[in-house]
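Dumped model.csv below, it's CSV, C-alpha atoms and all ligand atoms:
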```csv
chain,number,residue,atom,x,y,z
O,1,MET,CA,-18.0,-20.9,-57.8
O,2,ILE,CA,-21.1,-19.1,-56.6
O,3,SER,CA,-23.0,-16.3,-58.2
O,4,HIS,CA,-21.1,-15.7,-61.4
O,5,LYS,CA,-23.4,-13.6,-63.5
O,6,GLU,CA,-23.6,-12.6,-67.1
O,7,PRO,CA,-22.9,-8.8,-67.5
O,8,ARG,CA,-26.0,-6.7,-68.4
O,9,GLN,CA,-26.1,-3.8,-70.8
O,10,ILE,CA,-25.2,-0.4,-69.3
O,11,GLU,CA,-28.8,0.9,-69.9
O,12,GLN,CA,-30.2,-2.0,-67.8
O,13,LEU,CA,-27.7,-1.3,-65.1
O,14,ILE,CA,-28.5,2.3,-64.3
O,15,LYS,CA,-31.6,3.2,-62.3
O,16,LYS,CA,-32.9,6.7,-62.5
O,17,GLN,CA,-34.5,8.5,-59.6
O,18,GLU,CA,-33.6,6.0,-56.9
O,19,LYS,CA,-34.2,6.8,-53.2
O,20,LEU,CA,-30.9,6.5,-51.3
O,21,ALA,CA,-32.8,6.0,-48.1
O,22,ASN,CA,-33.6,2.5,-49.3
O,23,HIS,CA,-29.9,1.7,-49.6
O,24,CYS,CA,-28.5,2.5,-46.2
O,25,SER,CA,-29.1,1.5,-42.6
O,26,TYR,CA,-30.0,5.1,-41.6
O,27,ALA,CA,-33.0,5.1,-43.9
O,28,ILE,CA,-31.9,8.7,-44.7
O,29,GLY,CA,-31.1,10.2,-48.1
O,30,GLY,CA,-32.8,12.0,-51.0
O,31,THR,CA,-33.4,10.8,-54.5
O,32,ALA,CA,-30.4,10.0,-56.6
O,33,GLU,CA,-30.5,10.9,-60.3
O,34,TYR,CA,-28.3,7.9,-61.1
O,35,PHE,CA,-27.9,4.7,-59.1
O,36,ALA,CA,-26.4,1.3,-60.0
O,37,SER,CA,-25.6,-1.9,-58.2
O,38,PRO,CA,-23.3,-4.1,-60.4
O,39,HIS,CA,-23.5,-7.9,-60.2
O,40,CYS,CA,-20.0,-8.5,-61.5
O,41,VAL,CA,-16.6,-6.8,-62.0
O,42,THR,CA,-17.3,-6.4,-65.8
O,43,GLU,CA,-20.4,-4.4,-65.0
O,44,LEU,CA,-18.5,-2.3,-62.5
O,45,VAL,CA,-15.7,-1.5,-65.0
O,46,GLU,CA,-18.4,-0.6,-67.6
O,47,LEU,CA,-20.0,1.8,-65.1
O,48,LEU,CA,-16.8,3.5,-64.3
O,49,ARG,CA,-16.0,4.0,-68.0
O,50,TYR,CA,-19.6,5.3,-68.6
O,51,CYS,CA,-19.1,7.8,-65.8
O,52,LYS,CA,-15.9,9.0,-67.3
O,53,GLN,CA,-17.5,9.4,-70.8
O,54,GLN,CA,-20.5,11.2,-69.5
O,55,ARG,CA,-18.4,13.3,-67.1
O,56,LEU,CA,-20.4,12.1,-64.1
O,57,GLU,CA,-18.8,11.9,-60.7
O,58,TYR,CA,-19.3,8.7,-58.8
O,59,THR,CA,-19.4,7.6,-55.2
O,60,LEU,CA,-19.0,4.0,-54.1
O,61,PHE,CA,-20.4,2.2,-51.1
O,62,GLY,CA,-21.4,-1.3,-50.0
O,63,ILE,CA,-24.5,-2.1,-47.9
O,64,GLY,CA,-24.7,1.5,-46.5
O,65,SER,CA,-24.4,0.7,-42.8
O,66,ASN,CA,-21.7,3.3,-42.3
O,67,VAL,CA,-22.8,6.2,-44.6
O,68,LEU,CA,-25.0,9.3,-44.2
O,69,PHE,CA,-26.4,10.3,-47.5
O,70,SER,CA,-27.4,13.9,-48.2
O,71,ASP,CA,-31.0,15.0,-48.2
O,72,ARG,CA,-30.3,16.5,-51.6
O,73,PRO,CA,-28.0,14.2,-53.5
O,74,SER,CA,-25.7,15.7,-56.2
O,75,THR,CA,-27.4,15.5,-59.6
O,76,ASN,CA,-24.1,14.9,-61.4
O,77,MET,CA,-23.3,11.8,-59.3
O,78,MET,CA,-23.6,8.1,-60.0
O,79,TYR,CA,-24.2,6.3,-56.7
O,80,ILE,CA,-22.7,2.8,-57.0
O,81,SER,CA,-23.5,0.1,-54.4
O,82,LEU,CA,-21.4,-3.1,-54.5
O,83,LYS,CA,-23.9,-5.0,-52.4
O,84,GLU,CA,-24.9,-7.3,-55.3
O,85,LEU,CA,-21.2,-8.2,-56.0
O,86,LEU,CA,-21.7,-11.6,-54.4
O,87,GLN,CA,-19.2,-14.4,-55.0
O,88,PHE,CA,-17.9,-17.1,-52.6
O,89,ASP,CA,-15.3,-19.5,-54.1
O,90,VAL,CA,-14.3,-22.4,-52.1
O,91,LYS,CA,-10.8,-23.8,-52.6
O,92,ASP,CA,-8.7,-26.3,-50.6
O,93,GLY,CA,-7.3,-24.2,-47.7
O,94,GLU,CA,-8.6,-20.9,-49.0
O,95,TRP,CA,-11.8,-19.0,-49.8
O,96,PHE,CA,-12.2,-16.1,-52.2
O,97,VAL,CA,-15.0,-13.8,-50.9
O,98,SER,CA,-16.2,-10.8,-53.0
O,99,ALA,CA,-16.7,-7.2,-51.7
O,100,GLY,CA,-20.5,-7.3,-51.6
O,101,MET,CA,-20.8,-10.3,-49.3
O,102,PRO,CA,-22.2,-9.4,-45.9
O,103,MET,CA,-19.5,-9.8,-43.3
O,104,SER,CA,-21.9,-11.8,-41.2
O,105,MET,CA,-21.9,-14.5,-43.9
O,106,LEU,CA,-18.3,-15.3,-42.8
O,107,ALA,CA,-19.5,-16.2,-39.3
O,108,LEU,CA,-22.0,-18.7,-40.8
O,109,ALA,CA,-19.3,-20.1,-43.1
O,110,GLY,CA,-17.0,-20.4,-40.1
O,111,GLU,CA,-19.6,-22.4,-38.2
O,112,LEU,CA,-19.9,-24.8,-41.2
O,113,ILE,CA,-16.2,-25.6,-41.1
O,114,GLN,CA,-16.0,-25.4,-37.2
O,115,SER,CA,-13.6,-22.5,-37.1
O,116,GLN,CA,-13.9,-19.8,-34.4
O,117,SER,CA,-11.9,-17.3,-36.4
O,118,PHE,CA,-15.0,-15.6,-38.0
O,119,GLN,CA,-17.3,-15.5,-35.0
O,120,PHE,CA,-16.6,-11.8,-34.4
O,121,THR,CA,-18.4,-11.0,-37.7
O,122,HIS,CA,-21.7,-12.5,-36.4
O,123,LEU,CA,-24.2,-9.6,-36.7
O,124,LEU,CA,-21.5,-7.2,-37.8
O,125,PRO,CA,-23.5,-5.1,-40.3
O,126,GLY,CA,-22.1,-4.2,-43.7
O,127,SER,CA,-20.2,-5.7,-46.6
O,128,PHE,CA,-16.8,-7.5,-46.6
O,129,GLY,CA,-15.4,-4.9,-49.0
O,130,ALA,CA,-16.2,-2.1,-46.6
O,131,GLY,CA,-14.9,-4.2,-43.7
O,132,ILE,CA,-11.6,-4.5,-45.6
O,133,TYR,CA,-11.6,-0.8,-46.2
O,134,MET,CA,-12.3,0.2,-42.6
O,135,ASN,CA,-10.7,-2.8,-40.9
O,136,ALA,CA,-14.1,-3.5,-39.3
O,137,LYS,CA,-13.7,-5.0,-35.8
O,138,TYR,CA,-15.6,-6.5,-32.9
O,139,TYR,CA,-14.0,-7.2,-29.6
O,140,HIS,CA,-10.6,-8.8,-30.4
O,141,GLY,CA,-11.5,-9.7,-34.0
O,142,GLN,CA,-10.8,-7.6,-37.0
O,143,ILE,CA,-11.0,-8.1,-40.7
O,144,GLY,CA,-7.3,-7.4,-41.3
O,145,ASP,CA,-6.5,-10.5,-39.3
O,146,VAL,CA,-8.5,-13.0,-41.3
O,147,ILE,CA,-7.5,-12.1,-44.9
O,148,SER,CA,-4.3,-12.9,-46.8
O,149,ARG,CA,-4.6,-10.7,-50.0
O,150,VAL,CA,-7.0,-8.1,-51.4
O,151,TYR,CA,-8.1,-7.7,-55.0
O,152,TYR,CA,-8.9,-4.2,-56.2
O,153,LEU,CA,-9.2,-1.8,-59.1
O,154,ASP,CA,-7.2,1.4,-59.2
O,155,ALA,CA,-9.7,4.0,-60.3
O,156,ALA,CA,-6.9,6.4,-61.1
O,157,GLU,CA,-5.6,4.1,-63.9
O,158,PRO,CA,-7.3,4.1,-67.3
O,159,ASP,CA,-6.9,0.3,-67.9
O,160,LEU,CA,-8.9,-0.6,-64.7
O,161,GLU,CA,-7.1,-4.0,-64.5
O,162,ILE,CA,-7.6,-6.1,-61.4
O,163,LYS,CA,-4.6,-5.8,-59.0
O,164,CYS,CA,-3.7,-7.6,-55.8
O,165,ILE,CA,-2.0,-6.5,-52.6
O,166,PRO,CA,-0.8,-8.8,-49.7
O,167,VAL,CA,-2.3,-8.1,-46.3
O,168,GLU,CA,1.1,-7.2,-44.9
O,169,GLU,CA,1.1,-4.1,-47.2
O,170,CYS,CA,-2.4,-3.0,-46.2
O,171,LYS,CA,-1.2,-0.8,-43.3
O,172,TYR,CA,-3.9,-2.0,-41.0
O,173,GLY,CA,-4.5,-0.2,-37.7
O,174,TYR,CA,-7.5,0.8,-35.6
O,175,LYS,CA,-10.2,1.5,-38.3
O,176,GLN,CA,-7.4,2.3,-40.7
O,177,SER,CA,-6.0,0.8,-43.9
O,178,VAL,CA,-4.1,1.7,-47.0
O,179,PHE,CA,-7.4,1.7,-48.9
O,180,GLN,CA,-8.4,4.9,-47.1
O,181,GLU,CA,-5.4,6.7,-48.7
O,182,LYS,CA,-6.0,5.5,-52.3
O,183,PRO,CA,-8.6,5.7,-55.0
O,184,TRP,CA,-8.9,1.9,-55.0
O,185,ILE,CA,-12.1,-0.1,-55.3
O,186,ILE,CA,-11.9,-3.3,-53.3
O,187,LEU,CA,-13.3,-6.3,-55.2
O,188,GLY,CA,-12.7,-9.0,-52.6
O,189,ALA,CA,-10.1,-11.0,-50.7
O,190,ASP,CA,-8.6,-14.4,-50.1
O,191,ILE,CA,-9.2,-15.9,-46.7
O,192,PRO,CA,-6.9,-18.7,-45.5
O,193,VAL,CA,-8.8,-21.6,-43.9
O,194,GLU,CA,-6.1,-24.3,-43.8
O,195,GLY,CA,-6.5,-27.0,-41.2
O,196,HIS,CA,-10.3,-26.9,-41.4
O,197,ARG,CA,-12.7,-29.1,-43.2
O,198,LEU,CA,-13.7,-28.1,-46.7
O,199,LEU,CA,-16.7,-25.8,-46.8
O,200,SER,CA,-19.7,-27.4,-48.4
O,201,GLU,CA,-20.5,-25.3,-51.5
O,202,THR,CA,-24.1,-26.6,-51.5
O,203,GLU,CA,-24.6,-25.4,-47.9
O,204,ILE,CA,-23.1,-21.9,-48.3
O,205,GLU,CA,-24.8,-21.5,-51.7
O,206,SER,CA,-28.2,-22.3,-50.3
O,207,ILE,CA,-27.7,-19.6,-47.5
O,208,LEU,CA,-26.6,-17.1,-50.2
O,209,GLU,CA,-29.7,-17.9,-52.3
O,210,LYS,CA,-31.9,-17.1,-49.4
O,211,TYR,CA,-30.0,-13.9,-48.7
O,212,MET,CA,-30.4,-12.8,-52.2
O,213,LEU,CA,-34.2,-13.0,-51.8
O,214,MET,CA,-33.9,-10.0,-49.5
O,215,LYS,CA,-33.4,-7.9,-52.6
O,216,ASP,CA,-33.6,-4.2,-51.7
O,217,ASN,CA,-34.0,-5.0,-47.9
O,218,LYS,CA,-30.3,-5.9,-47.6
O,219,SER,CA,-29.5,-2.5,-45.9
O,220,ASN,CA,-32.4,-2.7,-43.4
O,221,LEU,CA,-31.0,-3.5,-40.0
O,222,MET,CA,-34.1,-5.3,-38.7
O,223,GLN,CA,-34.2,-7.6,-41.7
O,224,PHE,CA,-30.4,-8.1,-41.5
O,225,TYR,CA,-30.8,-9.2,-37.8
O,226,ALA,CA,-33.7,-11.5,-38.5
O,227,PHE,CA,-31.8,-13.2,-41.4
O,228,PHE,CA,-28.4,-13.7,-39.8
O,229,SER,CA,-29.6,-14.4,-36.3
O,230,GLY,CA,-32.1,-17.0,-37.7
O,231,GLU,CA,-29.5,-18.7,-39.9
O,232,MET,CA,-27.0,-18.8,-37.0
O,233,LYS,CA,-29.6,-20.4,-34.7
O,234,ARG,CA,-30.5,-22.9,-37.5
O,235,LEU,CA,-26.9,-24.0,-37.9
O,236,THR,CA,-25.8,-24.1,-34.3
O,237,GLN,CA,-28.7,-24.8,-31.9
O,238,PRO,CA,-28.7,-26.3,-29.3
O,239,ASP,CA,-24.9,-25.9,-29.1
O,240,THR,CA,-24.6,-22.2,-30.0
O,241,PRO,CA,-21.0,-21.1,-29.2
O,242,ALA,CA,-20.7,-18.9,-26.1
O,243,PHE,CA,-19.1,-16.0,-28.0
O,244,ILE,CA,-22.0,-16.0,-30.6
O,245,GLN,CA,-24.5,-15.9,-27.7
O,246,GLU,CA,-22.6,-13.0,-26.1
O,247,ILE,CA,-22.7,-11.0,-29.4
O,248,GLU,CA,-26.5,-11.6,-29.7
O,249,GLN,CA,-27.0,-10.5,-26.1
O,250,TYR,CA,-24.8,-7.4,-26.4
O,251,ARG,CA,-26.3,-6.2,-29.7
O,252,THR,CA,-29.9,-6.8,-28.7
O,253,LYS,CA,-29.4,-5.3,-25.2
O,254,ASN,CA,-28.0,-2.1,-26.8
O,255,LYS,CA,-30.9,-2.1,-29.3
O,256,HIS,CA,-28.5,-2.2,-32.3
O,257,PHE,CA,-31.2,-3.4,-34.7
O,258,VAL,CA,-34.3,-1.6,-33.3
O,259,HIS,CA,-33.6,1.9,-34.8
O,260,HIS,CA,-32.0,3.1,-38.0
O,261,SER,CA,-28.4,4.0,-37.4
O,262,CYS,CA,-24.8,3.7,-38.7
O,263,GLY,CA,-23.6,2.0,-35.5
O,264,SER,CA,-20.9,4.1,-33.7
O,265,TYR,CA,-20.9,7.5,-35.2
O,266,PHE,CA,-17.5,8.6,-34.1
O,267,LYS,CA,-14.1,6.8,-34.0
O,268,ASN,CA,-12.8,6.3,-30.5
O,269,ASN,CA,-9.9,8.5,-29.4
O,270,TYR,CA,-7.7,6.1,-27.4
O,271,ASP,CA,-5.4,8.9,-26.2
O,272,ILE,CA,-8.3,10.0,-23.9
O,273,GLY,CA,-8.5,6.5,-22.4
O,274,GLN,CA,-12.3,6.4,-22.6
O,275,SER,CA,-14.7,5.6,-25.4
O,276,ILE,CA,-16.7,8.3,-27.1
O,277,GLY,CA,-19.8,6.6,-25.7
O,278,ALA,CA,-18.5,7.0,-22.2
O,279,LEU,CA,-17.7,10.7,-22.7
O,280,VAL,CA,-21.2,11.4,-24.1
O,281,ASP,CA,-22.5,9.5,-21.0
O,282,HIS,CA,-20.5,11.7,-18.6
O,283,LEU,CA,-21.7,14.8,-20.4
O,284,GLN,CA,-25.3,13.6,-19.9
O,285,LEU,CA,-26.1,13.9,-23.6
O,286,LYS,CA,-27.8,10.6,-24.0
O,287,GLY,CA,-31.4,11.0,-25.1
O,288,THR,CA,-30.8,14.4,-26.6
O,289,THR,CA,-33.0,14.9,-29.7
O,290,TYR,CA,-33.0,17.1,-32.8
O,291,GLY,CA,-35.9,16.8,-35.2
O,292,GLY,CA,-36.3,13.1,-35.8
O,293,ALA,CA,-32.8,12.2,-34.6
O,294,MET,CA,-31.7,11.2,-31.1
O,295,ILE,CA,-28.5,10.3,-29.2
O,296,SER,CA,-29.3,6.8,-28.3
O,297,SER,CA,-30.2,6.4,-24.6
O,298,HIS,CA,-28.5,2.9,-24.7
O,299,HIS,CA,-25.2,4.0,-26.3
O,300,GLY,CA,-23.8,7.5,-26.3
O,301,ASN,CA,-21.9,7.0,-29.6
O,302,MET,CA,-25.0,6.1,-31.6
O,303,LEU,CA,-27.0,8.9,-33.3
O,304,ILE,CA,-30.2,7.3,-34.3
O,305,ASN,CA,-33.0,8.0,-36.7
O,306,VAL,CA,-36.0,7.7,-34.5
O,307,LYS,CA,-38.7,9.1,-36.7
O,308,ASP,CA,-38.2,10.5,-40.2
O,309,ALA,CA,-34.9,12.1,-39.4
O,310,THR,CA,-33.0,13.9,-42.2
O,311,ALA,CA,-29.3,14.1,-42.7
O,312,GLU,CA,-29.5,17.7,-41.4
O,313,HIS,CA,-30.9,16.5,-38.1
O,314,ILE,CA,-28.1,13.9,-37.7
O,315,LEU,CA,-25.5,16.5,-38.6
O,316,GLN,CA,-26.9,18.9,-36.0
O,317,LEU,CA,-26.6,16.2,-33.3
O,318,GLN,CA,-23.0,15.6,-34.5
O,319,THR,CA,-22.3,19.3,-33.9
O,320,ILE,CA,-23.9,19.2,-30.4
O,321,VAL,CA,-21.7,16.2,-29.4
O,322,SER,CA,-18.5,17.6,-31.0
O,323,GLU,CA,-18.9,21.0,-29.3
O,324,ALA,CA,-19.6,19.5,-25.9
O,325,ILE,CA,-16.6,17.1,-26.2
O,326,TYR,CA,-14.3,19.9,-27.3
O,327,LYS,CA,-15.4,22.1,-24.5
O,328,GLU,CA,-14.9,19.5,-21.8
O,329,TYR,CA,-12.0,17.3,-23.2
O,330,GLY,CA,-10.3,19.6,-25.7
O,331,PHE,CA,-10.6,17.6,-28.9
O,332,ILE,CA,-13.1,17.2,-31.8
O,333,PRO,CA,-14.1,13.6,-32.3
O,334,GLU,CA,-13.6,12.3,-35.8
O,335,PRO,CA,-16.7,10.8,-37.5
O,336,GLU,CA,-16.4,7.2,-38.5
O,337,VAL,CA,-19.5,7.4,-40.7
O,338,ALA,CA,-18.8,8.5,-44.3
O,339,ILE,CA,-20.8,11.7,-45.0
O,340,ILE,CA,-21.7,11.6,-48.7
O,341,LYS,CA,-22.9,14.6,-50.6
M,401,LIG,C1,-25.9,-1.3,-35.8
M,401,LIG,C2,-24.5,-1.2,-36.3
M,401,LIG,C3,-23.5,-1.8,-35.6
M,401,LIG,C4,-22.2,-1.7,-36.0
M,401,LIG,N1,-21.2,-2.3,-35.3
M,401,LIG,C5,-19.9,-2.2,-35.8
M,401,LIG,C6,-18.8,-2.9,-35.1
M,401,LIG,O1,-19.0,-3.5,-34.1
M,401,LIG,N2,-17.6,-2.8,-35.6
M,401,LIG,C7,-17.3,-2.1,-36.8
M,401,LIG,O2,-16.2,-2.1,-37.2
M,401,LIG,N3,-18.3,-1.5,-37.5
M,401,LIG,C8,-19.6,-1.5,-37.0
M,401,LIG,N4,-20.6,-0.9,-37.7
M,401,LIG,C9,-20.3,-0.1,-38.9
M,401,LIG,C10,-20.3,-1.0,-40.2
M,401,LIG,O3,-20.8,-2.3,-39.9
M,401,LIG,C11,-18.9,-1.1,-40.8
M,401,LIG,O4,-18.4,0.1,-41.0
M,401,LIG,C12,-19.0,-1.8,-42.2
M,401,LIG,O5,-17.7,-2.1,-42.6
M,401,LIG,C13,-19.8,-1.0,-43.2
M,401,LIG,O6,-20.0,-1.8,-44.3
M,401,LIG,P1,-21.0,-1.3,-45.5
M,401,LIG,O7,-20.9,-2.2,-46.6
M,401,LIG,O8,-22.3,-1.0,-45.0
M,401,LIG,O9,-20.2,0.1,-45.8
M,401,LIG,P2,-20.8,1.4,-46.5
M,401,LIG,O10,-21.5,2.1,-45.4
M,401,LIG,O11,-21.7,1.0,-47.6
M,401,LIG,O12,-19.6,2.1,-46.9
M,401,LIG,C14,-18.7,2.8,-46.0
M,401,LIG,C15,-17.5,3.4,-46.8
M,401,LIG,O13,-16.7,2.3,-47.1
M,401,LIG,C16,-16.1,2.5,-48.3
M,401,LIG,N5,-16.3,1.3,-49.1
M,401,LIG,C17,-17.3,0.4,-49.1
M,401,LIG,N6,-17.1,-0.6,-49.9
M,401,LIG,C18,-15.9,-0.4,-50.5
M,401,LIG,C19,-15.1,-1.1,-51.5
M,401,LIG,N7,-15.6,-2.2,-52.0
M,401,LIG,N8,-14.0,-0.6,-51.9
M,401,LIG,C20,-13.5,0.6,-51.4
M,401,LIG,N9,-14.2,1.3,-50.5
M,401,LIG,C21,-15.4,0.8,-50.0
M,401,LIG,C22,-16.7,3.7,-49.0
M,401,LIG,O14,-15.8,4.7,-48.9
M,401,LIG,C23,-17.9,4.0,-48.2
M,401,LIG,O15,-18.1,5.3,-48.1
M,401,LIG,C24,-21.9,-1.0,-37.3
M,401,LIG,C25,-23.0,-0.5,-38.0
M,401,LIG,C26,-24.2,-0.6,-37.5
M,401,LIG,C27,-25.4,0.0,-38.3
```
For the file at hand, write its structure as structure tokens.
Ligand SMILES: Cc1cc2nc3c(=O)[nH]c(=O)nc-3n(C[C@H](O)[C@H](O)[C@H](O)COP(=O)(O)OP(=O)(O)OC[C@H]3O[C@@H](n4cnc5c(N)ncnc54)[C@H](O)[C@@H]3O)c2cc1C
Amino acid sequence: MISHKEPRQIEQLIKKQEKLANHCSYAIGGTAEYFASPHCVTELVELLRYCKQQRLEYTLFGIGSNVLFSDRPSTNMMYISLKELLQFDVKDGEWFVSAGMPMSMLALAGELIQSQSFQFTHLLPGSFGAGIYMNAKYYHGQIGDVISRVYYLDAAEPDLEIKCIPVEECKYGYKQSVFQEKPWIILGADIPVEGHRLLSETEIESILEKYMLMKDNKSNLMQFYAFFSGEMKRLTQPDTPAFIQEIEQYRTKNKHFVHHSCGSYFKNNYDIGQSIGALVDHLQLKGTTYGGAMISSHHGNMLINVKDATAEHILQLQTIVSEAIYKEYGFIPEPEVAIIK
């Protein structure tokens, strides 16, 4: 059992006047009136009850690598990040991993048990909970393929009891899941690891302790890269697996961790037969700027914050791309990023 924490009082939990720009990879977002990052499920449940009593709305996110916060956040909103919900339980043949755990931690744990199944999560920004929600993927690997059951709270039910759903019922598809249709808050999932050696709790705990020292920098892409690339090298050099090396090369070549971004801005439309990045390339839009934002010159589906961009600047670029794609290809691309008011 790792990182089981005593619940704090609600007054200690809620931060007032918190800059949302510090909690997302875009480094964009105004000041939130109410912000909280619960350490355990008890704290999360208390927060949800508090919001109900105080008639506050709430919005929930993880590490913030796929969100665009408003420049003027709603004053009646509690912004809840689950990035401190960090638990990694090792059982024989199975792990339980909590929602706030960075997905890239799975790649490190996989190397420790000599399994290739989690290599695709190496340098995949974001939390495991959001990965379960979005069915995060890289190349042939996707989160829906490595879990067996998901634990969640149904926010629509007053008792807020922990429930469980088997992966077969999660309706996984390309960037799709049942969680996008329901008011469910993902707490974590079981991961089968039968046939592999038992993960050393001491080793994964020591990595997790170092990760926790990143404190408020967990959403910063440069820090994320430095930590996980460094840990992977430490665990695997000089025999770093070929796929891990390919991921490092691809992501560094495309400058994924140089600028603030949310990764791919739009979902691909596979009916068209080409990625959004390729369409933007054909339309010669790469490098287009608006205020402090730019369509990456390395990847047409990345709208990046080059210098002090606001949400408004990013949304203007979204419109430029959407209108150009509609004019040429007859469809409006669907944003993958969650646009939060
Ligand atoms: C440089 C870069 C590269 C990327 N590359 C990839 C890639 O290769 N493949 C890929 O799939 N994605 C990629 N992404 C996107 C991102 O990594 C994933 O979408 C990831 O799942 C986001 O995790 P997060 O914790 O940051 O989510 P957040 O941005 O914090 O949240 C996104 C949304 O998920 C939902 N959510 C989050 N946590 C929960 C929860 N516990 N329960 C219910 N709903 C929840 C919320 O609705 C929230 O609005 C990339 C992003 C960046 C910045």
Item to complete: Throw together the list of residues within 7 Å of ligand LIG 401 (chain M), counting only C-alpha atoms and all ligand atoms, and drop it here as a VMD selection string.
Response: chain O and resid 25 60 to 67 82 99 124 to 131 133 to 138 179 184 to 187 221 256 to 257 261 to 264 338
Worksheet item: With distances taken over all atoms listed in the file, which of O:Ile276, O:Ile207, O:Leu199, O:Ala311 is nearest to Glu334 in chain O?
Response: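 Checking each candidate against Glu334 in chain O, we get O:Ile276 as the closest.
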Worksheet item: Any idea what the distance is between CA of Val41 in chain O and CA of Ser98 in chain O?
Response: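 Computing the Euclidean distance for CA of Val41 in chain O and CA of Ser98 in chain O yields 9.9 Å.
Residue neighbourhood of Gln114 in chain O, excluding near-sequence residues (fewer than 2 positions): O:Gly110, O:Glu111, O:Leu112, O:Gln116, O:His196, O:Arg197, at 8 Å, using all atoms listed in the file.
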Item to complete: Excluding range 18-20 of chain O and residues on its chain fewer than 4 positions from it, collect all residues at most 12 Å away from it, counting only C-alpha atoms, and give them as a ChimeraX atom specification.
Response: /O:14,24-37,61,63-64,67-75,78-81,216,219,310-311,340-341
Fill in: Among the residues O:Leu198, O:Ala324, O:Ile162, O:Ala226, the one that comes closest to Gly93 in chain O [using all atoms listed in the file]
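Once distances to Gly93 in chain O are computed over all atoms listed in the file, the minimum belongs to O:Leu198.
Here CA of Ala107 in chain O and CA of Leu123 in chain O stand 8.5 Å from one another.
Between CA of Met105 in chain O and CA of Ile204 in chain O there is a distance of 8.7 Å.
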Practice prompt. Have a look at O:Gln223, O:Ser117, O:Asn269, O:Asn217 and name the one nearest to Ala21 in chain O; count all atoms listed in the file.
Written response: O:Asn217
Worksheet item: Using all atoms listed in the file, which residue out of O:Lys210, O:Lys16, O:Lys52, O:Arg8 lies closest to Ala156 in chain O?
Response: O:Lys52
Worksheet item: Given the choices O:Val337, O:Gly141, O:His122, O:Gln284, which gets closest to Gln249 in chain O if the distance is worked out from all atoms listed in the file?
Response: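 Once distances to Gln249 in chain O are computed over all atoms listed in the file, the minimum belongs to O:His122.
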Worksheet item: When distances are computed from all atoms listed in the file, which of O:Leu279, O:Leu153, O:Lys267, O:His313 shows the smallest separation from Tyr326 in chain O?
Response: O:Leu279
Taking only residues of range 64-116 of chain O that have an atom at most 10 Å from an atom of range 143-147 of chain O, what is each one's shortest atom pair and its distance in Å to one decimal, using all atoms listed in the file, in chain and number order, as a tab-separated table?
```
residue	atom	partner	partner_atom	distance
O:Glu94	CA	O:Ile147	CA	9.8
O:Trp95	CA	O:Ile147	CA	9.5
O:Phe96	CA	O:Ile147	CA	9.6
O:Val97	CA	O:Ile147	CA	9.8
O:Met103	CA	O:Ile143	CA	9.0
```
